[in-house]
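Below is the file target10.txt, which contains compact mmCIF, C-alpha atoms.
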# COMPACT_ATOMS: atom_id res chain seq x y z
CA MET A 1 -52.48 -121.89 -9.90
CA ARG A 2 -53.07 -121.20 -13.58
CA SER A 3 -56.34 -119.52 -12.64
CA LEU A 4 -54.52 -117.36 -10.14
CA ILE A 5 -51.93 -116.40 -12.71
CA LEU A 6 -54.69 -115.62 -15.24
CA PHE A 7 -56.53 -113.52 -12.66
CA ILE A 8 -53.35 -111.62 -11.79
CA SER A 9 -52.69 -111.05 -15.52
CA LEU A 10 -56.17 -109.66 -16.05
CA VAL A 11 -55.82 -107.38 -13.05
CA LEU A 12 -52.47 -106.12 -14.29
CA ALA A 13 -53.94 -105.54 -17.80
CA GLY A 14 -56.82 -103.62 -16.29
CA LEU A 15 -54.43 -101.49 -14.28
CA VAL A 16 -52.44 -100.78 -17.41
CA LEU A 17 -55.59 -99.73 -19.26
CA ILE A 18 -56.71 -97.51 -16.40
CA ALA A 19 -53.28 -96.00 -16.17
CA GLY A 20 -53.32 -95.44 -19.92
CA CYS A 21 -56.68 -93.69 -19.78
CA THR A 22 -55.78 -91.51 -16.84
CA GLY A 23 -52.41 -90.83 -18.34
CA THR A 24 -53.90 -89.48 -21.59
CA THR A 25 -56.48 -87.29 -19.94
CA PRO A 26 -54.26 -84.16 -20.09
CA GLU A 27 -53.70 -84.88 -23.77
CA VAL A 28 -57.46 -84.86 -24.40
CA GLN A 29 -57.57 -81.30 -23.11
CA LYS A 30 -55.14 -80.38 -25.87
CA THR A 31 -57.31 -81.99 -28.53
CA PRO A 32 -59.42 -78.84 -29.23
CA ALA A 33 -56.23 -76.96 -29.99
CA VAL A 34 -55.14 -79.67 -32.39
CA THR A 35 -58.51 -80.00 -34.15
CA ALA A 36 -59.08 -76.25 -34.21
CA ALA A 37 -55.87 -75.66 -36.11
CA PRO A 38 -56.95 -77.35 -39.37
CA THR A 39 -60.49 -75.92 -39.19
CA PRO A 40 -59.73 -72.65 -41.07
CA ALA A 41 -57.94 -74.62 -43.76
CA ALA A 42 -60.76 -77.11 -44.00
CA THR A 43 -63.54 -74.52 -44.18
CA PRO A 44 -62.78 -73.19 -47.70
CA ILE A 45 -62.56 -76.67 -49.17
CA PRO A 46 -66.32 -77.21 -49.61
CA THR A 47 -66.81 -73.67 -50.94
CA PRO A 48 -65.58 -74.12 -54.53
CA GLN A 49 -67.40 -77.44 -54.70
CA ALA A 50 -70.63 -75.75 -53.66
CA THR A 51 -70.28 -73.01 -56.27
CA GLU A 52 -69.32 -75.37 -59.05
CA ALA A 53 -72.22 -77.74 -58.55
CA PRO A 54 -75.02 -75.22 -59.26
CA SER A 55 -73.08 -73.86 -62.22
CA GLN A 56 -72.84 -77.27 -63.80
CA ALA A 57 -76.49 -77.98 -63.12
CA MET A 58 -77.71 -74.64 -64.51
CA THR A 59 -75.51 -74.41 -67.61
CA PRO A 60 -77.80 -76.42 -69.92
CA ALA A 61 -80.94 -74.53 -68.87
CA PRO A 62 -80.52 -71.44 -71.09
CA VAL A 63 -79.71 -73.50 -74.17
CA GLN A 64 -81.95 -76.52 -73.78
CA MET A 65 -85.69 -76.72 -74.19
CA PRO A 66 -87.82 -79.80 -74.83
CA GLY A 67 -87.28 -80.71 -78.44
CA LYS A 68 -85.55 -77.50 -79.51
CA VAL A 69 -82.65 -75.13 -78.88
CA ALA A 70 -83.26 -72.00 -76.81
CA TYR A 71 -81.59 -68.70 -77.69
CA SER A 72 -80.31 -66.01 -75.34
CA VAL A 73 -82.08 -62.69 -74.83
CA ASP A 74 -78.90 -60.82 -75.78
CA SER A 75 -78.72 -62.46 -79.19
CA ALA A 76 -82.45 -61.92 -79.78
CA VAL A 77 -82.18 -58.21 -78.93
CA THR A 78 -79.24 -57.83 -81.30
CA LEU A 79 -81.16 -59.63 -84.05
CA GLY A 80 -84.18 -57.40 -83.47
CA ARG A 81 -82.02 -54.30 -83.73
CA MET A 82 -80.49 -55.62 -86.94
CA HIS A 83 -83.94 -56.06 -88.41
CA GLY A 84 -85.12 -52.61 -87.35
CA VAL A 85 -81.98 -50.89 -88.62
CA MET A 86 -82.29 -52.54 -92.03
CA MET A 87 -85.95 -51.54 -92.28
CA GLU A 88 -84.89 -47.96 -91.56
CA ALA A 89 -82.27 -48.26 -94.31
CA ILE A 90 -84.94 -49.41 -96.77
CA GLU A 91 -87.11 -46.42 -95.87
CA GLU A 92 -84.17 -44.09 -96.56
CA ALA A 93 -83.53 -45.72 -99.94
CA LEU A 94 -87.11 -45.23 -101.11
CA ALA A 95 -87.26 -41.71 -99.69
CA TYR A 96 -84.19 -40.53 -101.64
CA PRO A 97 -85.85 -39.95 -105.05
CA VAL A 98 -89.09 -38.72 -103.46
CA LEU A 99 -87.44 -36.09 -101.26
CA ALA A 100 -84.44 -35.41 -103.52
CA GLU A 101 -82.23 -35.19 -100.45
CA PRO A 102 -78.67 -36.63 -100.58
CA GLU A 103 -78.93 -37.05 -96.81
CA GLU A 104 -81.36 -39.93 -97.38
CA LYS A 105 -78.75 -41.82 -99.38
CA GLU A 106 -76.11 -41.11 -96.74
CA ASP A 107 -78.44 -42.35 -94.01
CA PHE A 108 -79.07 -45.52 -96.01
CA GLU A 109 -75.35 -46.19 -96.23
CA GLY A 110 -74.91 -45.47 -92.52
CA LYS A 111 -77.71 -47.86 -91.58
CA VAL A 112 -76.21 -50.62 -93.71
CA LYS A 113 -72.89 -50.23 -91.90
CA GLU A 114 -74.70 -50.35 -88.56
CA PHE A 115 -76.43 -53.55 -89.67
CA ASP A 116 -73.08 -55.11 -90.55
CA LEU A 117 -71.64 -54.31 -87.12
CA LEU A 118 -74.69 -55.75 -85.38
CA ALA A 119 -74.45 -58.84 -87.58
CA VAL A 120 -70.94 -59.58 -86.31
CA MET A 121 -72.19 -59.22 -82.75
CA PHE A 122 -75.18 -61.47 -83.37
CA GLU A 123 -73.10 -64.23 -84.94
CA LYS A 124 -70.93 -64.40 -81.82
CA GLN A 125 -73.82 -64.19 -79.35
CA ALA A 126 -75.80 -66.86 -81.21
CA GLY A 127 -72.80 -69.17 -81.57
CA LEU A 128 -73.45 -69.70 -85.26
CA ASP A 129 -70.04 -71.34 -85.65
CA ARG A 130 -71.14 -74.29 -83.49
CA PRO A 131 -72.07 -77.52 -85.33
CA GLU A 132 -75.45 -77.77 -83.60
CA ASN A 133 -76.42 -74.40 -85.12
CA ALA A 134 -75.71 -75.42 -88.72
CA ASP A 135 -79.37 -75.16 -89.78
CA ILE A 136 -79.92 -71.71 -88.36
CA LYS A 137 -76.63 -70.53 -89.84
CA ALA A 138 -77.75 -71.70 -93.27
CA SER A 139 -80.96 -69.66 -92.96
CA TYR A 140 -79.03 -66.69 -91.63
CA ASP A 141 -76.49 -66.84 -94.46
CA SER A 142 -79.36 -66.82 -96.95
CA ILE A 143 -80.67 -63.63 -95.34
CA LEU A 144 -77.24 -62.00 -95.60
CA SER A 145 -77.14 -62.95 -99.26
CA LYS A 146 -80.54 -61.31 -99.80
CA LYS A 147 -79.36 -58.24 -97.92
CA LYS A 148 -76.30 -57.98 -100.16
CA ALA A 149 -78.51 -58.16 -103.25
CA LEU A 150 -80.80 -55.50 -101.79
CA VAL A 151 -77.88 -53.14 -101.20
CA THR A 152 -76.64 -53.67 -104.76
CA ASP A 153 -80.10 -52.97 -106.20
CA ALA A 154 -80.44 -49.87 -104.02
CA GLU A 155 -77.11 -48.54 -105.28
CA ASN A 156 -78.24 -49.12 -108.87
CA PHE A 157 -81.50 -47.37 -108.01
CA PHE A 158 -79.57 -44.37 -106.71
CA ALA A 159 -77.35 -44.31 -109.80
CA VAL A 160 -80.35 -44.21 -112.14
CA TYR A 161 -81.94 -41.40 -110.16
CA GLU A 162 -78.73 -39.37 -110.05
CA LYS A 163 -78.19 -39.82 -113.78
CA LYS A 164 -81.75 -39.14 -114.96
CA GLY A 165 -83.16 -37.07 -112.11
CA MET A 166 -86.03 -39.54 -111.85
CA VAL A 167 -86.83 -43.23 -111.51
CA THR A 168 -89.28 -45.27 -113.57
CA ASP A 169 -91.79 -47.79 -112.30
CA GLY A 170 -89.47 -50.50 -113.59
CA ASP A 171 -86.59 -49.17 -111.48
CA VAL A 172 -88.79 -49.11 -108.40
CA VAL A 173 -90.14 -52.62 -109.07
CA VAL A 174 -86.61 -54.06 -109.20
CA LEU A 175 -85.81 -52.54 -105.81
CA GLU A 176 -89.18 -53.52 -104.34
CA GLU A 177 -88.71 -57.12 -105.42
CA SER A 178 -85.30 -57.14 -103.77
CA ILE A 179 -86.83 -55.67 -100.60
CA ASP A 180 -89.59 -58.29 -100.62
CA GLY A 181 -87.05 -61.08 -101.09
CA PHE A 182 -85.11 -59.85 -98.07
CA THR A 183 -88.05 -59.15 -95.74
CA SER A 184 -89.90 -62.35 -96.66
CA GLU A 185 -86.99 -64.33 -95.21
CA PHE A 186 -85.81 -62.03 -92.44
CA GLY A 187 -89.30 -61.50 -90.98
CA PRO A 188 -90.12 -65.17 -90.32
CA PHE A 189 -86.53 -65.82 -89.21
CA THR A 190 -86.69 -63.09 -86.55
CA GLU A 191 -90.16 -64.12 -85.39
CA SER A 192 -89.08 -67.75 -85.03
CA TYR A 193 -85.92 -66.75 -83.19
CA PHE A 194 -87.87 -64.60 -80.73
CA ALA A 195 -90.28 -67.49 -80.14
CA VAL A 196 -87.48 -69.78 -78.99
CA VAL A 197 -85.70 -67.41 -76.62
CA SER A 198 -84.66 -69.24 -73.46
CA GLU A 199 -87.48 -69.51 -70.95
CA GLU A 200 -84.81 -69.32 -68.26
CA ASP A 201 -83.77 -65.89 -69.55
CA LEU A 202 -87.35 -64.63 -69.76
CA LYS A 203 -88.49 -66.09 -66.44
CA ASP A 204 -89.42 -63.27 -64.07
CA ASN A 205 -87.75 -60.79 -66.44
CA ASP A 206 -90.39 -58.41 -67.73
CA HIS A 207 -87.74 -56.08 -69.14
CA ALA A 208 -86.47 -58.77 -71.51
CA ARG A 209 -89.96 -59.75 -72.60
CA VAL A 210 -91.00 -56.14 -73.22
CA ALA A 211 -87.76 -55.41 -75.10
CA LEU A 212 -88.63 -58.14 -77.62
CA ASP A 213 -92.19 -56.79 -77.90
CA ILE A 214 -90.92 -53.27 -78.59
CA LEU A 215 -88.46 -54.51 -81.20
CA THR A 216 -91.32 -56.30 -82.95
CA MET A 217 -93.45 -53.15 -82.83
CA HIS A 218 -90.63 -51.13 -84.37
CA ARG A 219 -90.24 -53.61 -87.21
CA THR A 220 -93.97 -53.41 -87.92
CA LEU A 221 -93.89 -49.62 -87.89
CA MET A 222 -90.96 -49.39 -90.29
CA GLU A 223 -92.59 -51.85 -92.67
CA GLY A 224 -95.59 -49.52 -92.72
CA ILE A 225 -93.48 -46.43 -93.38
CA GLU A 226 -91.78 -48.22 -96.26
CA GLU A 227 -95.21 -48.67 -97.85
CA VAL A 228 -95.83 -44.90 -97.79
CA PHE A 229 -92.96 -44.24 -100.17
CA GLY A 230 -93.83 -47.34 -102.15
CA TYR A 231 -97.30 -45.91 -102.75
CA VAL A 232 -96.16 -42.55 -104.13
CA LEU A 233 -93.48 -44.23 -106.25
CA LEU A 234 -95.64 -47.00 -107.74
CA ASN A 235 -99.15 -45.57 -107.38
CA GLU A 236 -100.47 -48.96 -106.31
CA SER A 237 -103.30 -48.92 -103.78
CA ILE A 238 -102.05 -52.08 -102.07
CA GLU A 239 -99.09 -50.10 -100.73
CA LYS A 240 -101.43 -47.67 -99.00
CA GLU A 241 -103.58 -50.53 -97.68
CA GLU A 242 -100.53 -52.28 -96.24
CA PHE A 243 -99.47 -49.06 -94.53
CA THR A 244 -102.87 -48.85 -92.84
CA ALA A 245 -102.73 -52.54 -91.87
CA ASN A 246 -99.27 -52.19 -90.34
CA ILE A 247 -100.28 -49.14 -88.33
CA GLN A 248 -103.30 -51.05 -87.02
CA LYS A 249 -101.06 -53.95 -86.05
CA PHE A 250 -98.67 -51.54 -84.34
CA ASN A 251 -101.53 -49.94 -82.39
CA GLU A 252 -102.81 -53.32 -81.23
CA ALA A 253 -99.35 -54.29 -79.99
CA GLY A 254 -99.09 -50.97 -78.16
CA ALA A 255 -102.46 -51.51 -76.50
CA ALA A 256 -101.39 -54.99 -75.40
CA LEU A 257 -98.24 -53.52 -73.87
CA VAL A 258 -100.28 -51.00 -71.88
CA ASN A 259 -102.78 -53.64 -70.75
CA ASP A 260 -99.89 -55.77 -69.51
CA ASP A 261 -99.42 -53.28 -66.62
CA TYR A 262 -95.64 -53.19 -67.17
CA LEU A 263 -95.69 -49.48 -67.98
CA GLY A 264 -97.92 -48.78 -64.99
CA GLU A 265 -95.37 -49.95 -62.44
CA SER A 266 -93.89 -47.12 -60.40
CA GLU A 267 -90.30 -47.96 -61.32
CA ASN A 268 -91.18 -47.73 -65.03
CA LYS A 269 -92.34 -44.11 -65.11
CA ALA A 270 -89.55 -43.10 -67.49
CA LYS A 271 -90.50 -45.95 -69.81
CA LEU A 272 -94.15 -44.87 -69.76
CA ALA A 273 -93.12 -41.32 -70.67
CA ALA A 274 -90.97 -42.64 -73.53
CA TYR A 275 -93.79 -44.89 -74.74
CA THR A 276 -96.21 -41.95 -74.70
CA SER A 277 -93.75 -39.95 -76.81
CA VAL A 278 -93.55 -42.80 -79.33
CA MET A 279 -97.31 -43.02 -79.69
CA SER A 280 -97.71 -39.24 -80.02
CA ALA A 281 -94.99 -39.06 -82.67
CA LYS A 282 -96.56 -42.01 -84.49
CA GLU A 283 -99.92 -40.23 -84.65
CA ARG A 284 -98.29 -37.13 -86.14
CA MET A 285 -96.44 -39.33 -88.63
CA VAL A 286 -99.68 -41.06 -89.68
CA ASP A 287 -101.41 -37.70 -90.15
CA ALA A 288 -98.50 -36.49 -92.30
CA ALA A 289 -98.67 -39.70 -94.36
CA TYR A 290 -102.33 -39.17 -95.19
CA VAL A 291 -101.63 -35.56 -96.15
CA MET A 292 -98.99 -36.87 -98.53
CA PHE A 293 -101.40 -39.48 -99.91
CA ALA A 294 -104.05 -36.82 -100.52
CA GLU A 295 -101.63 -34.51 -102.31
CA PHE A 296 -100.32 -37.34 -104.46
CA GLU A 297 -103.82 -38.46 -105.38
CA ASP A 298 -104.83 -34.89 -106.28
CA THR A 299 -101.72 -33.81 -108.19
CA GLY A 300 -99.88 -37.02 -109.09
CA LYS A 301 -96.80 -35.87 -107.21
CA VAL A 302 -95.50 -34.98 -103.76
CA SER A 303 -94.25 -31.47 -103.08
CA LYS A 304 -90.99 -30.99 -101.23
CA SER A 305 -92.70 -29.34 -98.28
CA THR A 306 -95.17 -32.22 -97.88
CA GLY A 307 -92.48 -34.86 -98.25
CA ASP A 308 -90.20 -33.08 -95.80
CA ALA A 309 -93.04 -32.76 -93.28
CA PHE A 310 -93.65 -36.50 -93.42
CA GLU A 311 -89.96 -37.36 -93.13
CA LYS A 312 -89.64 -35.03 -90.14
CA GLU A 313 -92.33 -37.00 -88.30
CA VAL A 314 -90.70 -40.30 -89.30
CA ASP A 315 -87.44 -39.12 -87.75
CA SER A 316 -89.29 -37.92 -84.66
CA THR A 317 -90.97 -41.31 -84.28
CA THR A 318 -87.79 -43.35 -84.69
CA THR A 319 -85.94 -41.07 -82.25
CA ALA A 320 -88.68 -41.53 -79.65
CA TYR A 321 -88.59 -45.27 -80.25
CA ASP A 322 -84.81 -45.38 -79.71
CA ILE A 323 -85.26 -43.65 -76.35
CA LEU A 324 -87.95 -46.13 -75.29
CA LEU A 325 -85.85 -49.13 -76.27
CA GLU A 326 -82.81 -47.83 -74.40
CA GLU A 327 -84.94 -47.21 -71.31
CA VAL A 328 -85.97 -50.86 -71.32
CA LEU A 329 -82.59 -52.32 -72.27
CA LYS A 330 -80.70 -50.53 -69.51
CA ASP A 331 -82.60 -52.61 -66.94
CA LEU A 332 -81.83 -55.97 -68.53
Transcribe the structure of this file into structure tokens.
Amino acid sequence: MRSLILFISLVLAGLVLIAGCTGTTPEVQKTPAVTAAPTPAATPIPTPQATEAPSQAMTPAPVQMPGKVAYSVDSAVTLGRMHGVMMEAIEEALAYPVLAEPEEKEDFEGKVKEFDLLAVMFEKQAGLDRPENADIKASYDSILSKKKALVTDAENFFAVYEKKGMVTDGDVVVLEESIDGFTSEFGPFTESYFAVVSEEDLKDNDHARVALDILTMHRTLMEGIEEVFGYVLLNESIEKEEFTANIQKFNEAGAALVNDDYLGESENKAKLAAYTSVMSAKERMVDAAYVMFAEFEDTGKVSKSTGDAFEKEVDSTTTAYDILLEEVLKDL
């Protein structure tokens, strides 16, 4: 009897289950409508997570390299421009008493102001206020101190010239020593900074790499031009020798740039034209420099026409360089 009751109970339970399944079948047909409704709301949910994850993973890459900090291309370009601008300012300072042109002094002052504006930009881009950059900030602050001393000595140099109508070897030596103090720190600083630019920024970015090369070439060129005026002011053969050495170094860097095939790429035709203009202007400038050397060695002085001819080619060269740099930078 108990078995019969158990059997009947099982049968009834089975019927209930069957009835339940068949009874819910119409509801199952509604399920797509129910599950489809939250789908649009659910779809965006993974999206921000997917975009955040790569960002978090990639953030350290530009600023971390094995054993050292990596710097951004933007900050390196700004630093390179600072260096080039200050070298142009130095050239203007030395040219002032040789050419007797107030415009040279005005250009010096303008270049110094441009340097100061770029310095503010660099400090922000390089994050010099961050604790981990304390060492580089200390080196940078030392350079700014040397630059301040250079500007003061240049102003004194101008004052002597304007008062006496001439400058003595002693006056020139004071300024030259100040220039050497500045460049002997700024040169290695810039070179080291360029060497530690983020590999992530330079990876597959020929424009960034070439921009740094061109900035280095410009610095070398301006150091050479500075020596031209140093030679006719101090009459020391080492100044002339250093001019020749810097031009050779510049030419070698230019040849390496051409051999790199960057300028030969079809999309870089405008850059090739600008580079060609730089090299042509540089050759004219070098020729004018040697004419000035010859006149100085023959007569012990530089005539206004000869000095003006050289300065004209210097301006032509720096203008051509500015065009080349902008052609490269606009593609960064």
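Atom pair CA of Ser280 (chain A) / CA of Thr317 (chain A): separated by 8.2 Å.
Each of A:Glu236, A:Asp204, A:Glu295, A:Glu223 was checked against Glu88 (chain A) using all atoms listed in the file; the smallest atom-to-atom distance is that of A:Glu223.
Interatomic distance, CA of Lys240 (chain A) to CA of Val167 (chain A): 19.7 Å.
Interatomic distance, CA of Thr306 (chain A) to CA of Ala294 (chain A): 10.3 Å.
Nearest residue to Phe157 (chain A) among A:Phe243, A:Phe296, A:Tyr96, A:Phe182 is A:Tyr96, counting all atoms listed in the file.
For Met292 (chain A), the non-local neighbours within 10 Å, defined as residues at least 4 positions apart in the same chain or in other chains and counting all atoms listed in the file, are Val228, Phe229, Val232, Val286, Asp287, Ala288, Phe296, Glu297, Asp298, Lys301, Val302, Ser303, Ser305, Thr306, Gly307, Asp308, Ala309 and Phe310 of chain A.
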With distances taken over all atoms listed in the file, which of A:Lys269, A:Arg81, A:Lys105, A:Lys330 is nearest to Asn156 (chain A)? A:Lys105
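In terms of minimum interatomic distance to Leu325 (chain A), A:Val77 ranks closest within A:Val291, A:Val77, A:Met87, A:Leu144, counting only C-alpha atoms.
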Shortest contact to Ala93 (chain A), candidates A:Asp169, A:Asp153, A:Asp74, A:Glu132, atoms counted all atoms listed in the file, goes to A:Asp153
Mind checking which residues fall within 12 Å of Ser277 (chain A), counting all atoms listed in the file, ignoring those fewer than 5 positions away in the same chain, and posting them as a VMD selection string? chain A and resid 270 to 272 282 to 284 313 316 to 324
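Proximity to Asn133 (chain A) was assessed for A:Lys146, A:Tyr71, A:Gly230, A:Ala154 counting all atoms listed in the file; the smallest distance is recorded for A:Tyr71.
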Close residues, Ile214 (chain A) itself excluded, 9 Å, all atoms listed in the file, min 4 positions apart in chain, as a ChimeraX atom specification: /A:209-210,218-219,253-254,257,321,324-325
Within 9 Å of (-82.3, -63.8, -100.8) in the file's own coordinates, which protein, DNA or RNA residues have an atom, counting all atoms listed in the file? List them as a VMD selection string. chain A and resid 142 to 150 178 181 to 185
May I have the selected residues written with C-alpha atoms, as a compact mmCIF listing (two decimals), in the frame of the given file?
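As a result, again-v2.txt now contains:
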# COMPACT_ATOMS: atom_id res chain seq x y z
CA SER A 142 -79.36 -66.82 -96.95
CA ILE A 143 -80.67 -63.63 -95.34
CA LEU A 144 -77.24 -62.00 -95.60
CA SER A 145 -77.14 -62.95 -99.26
CA LYS A 146 -80.54 -61.31 -99.80
CA LYS A 147 -79.36 -58.24 -97.92
CA LYS A 148 -76.30 -57.98 -100.16
CA ALA A 149 -78.51 -58.16 -103.25
CA LEU A 150 -80.80 -55.50 -101.79
CA SER A 178 -85.30 -57.14 -103.77
CA GLY A 181 -87.05 -61.08 -101.09
CA PHE A 182 -85.11 -59.85 -98.07
CA THR A 183 -88.05 -59.15 -95.74
CA SER A 184 -89.90 -62.35 -96.66
CA GLU A 185 -86.99 -64.33 -95.21
As JSON: centre and edge lengths in Å, one decimal, of the axis-aligned box holding region 128-144 of chain A with 6 Å per side:
{"center_x": -75.5, "center_y": -69.9, "center_z": -90.2, "size_x": 22.9, "size_y": 27.8, "size_z": 25.5}
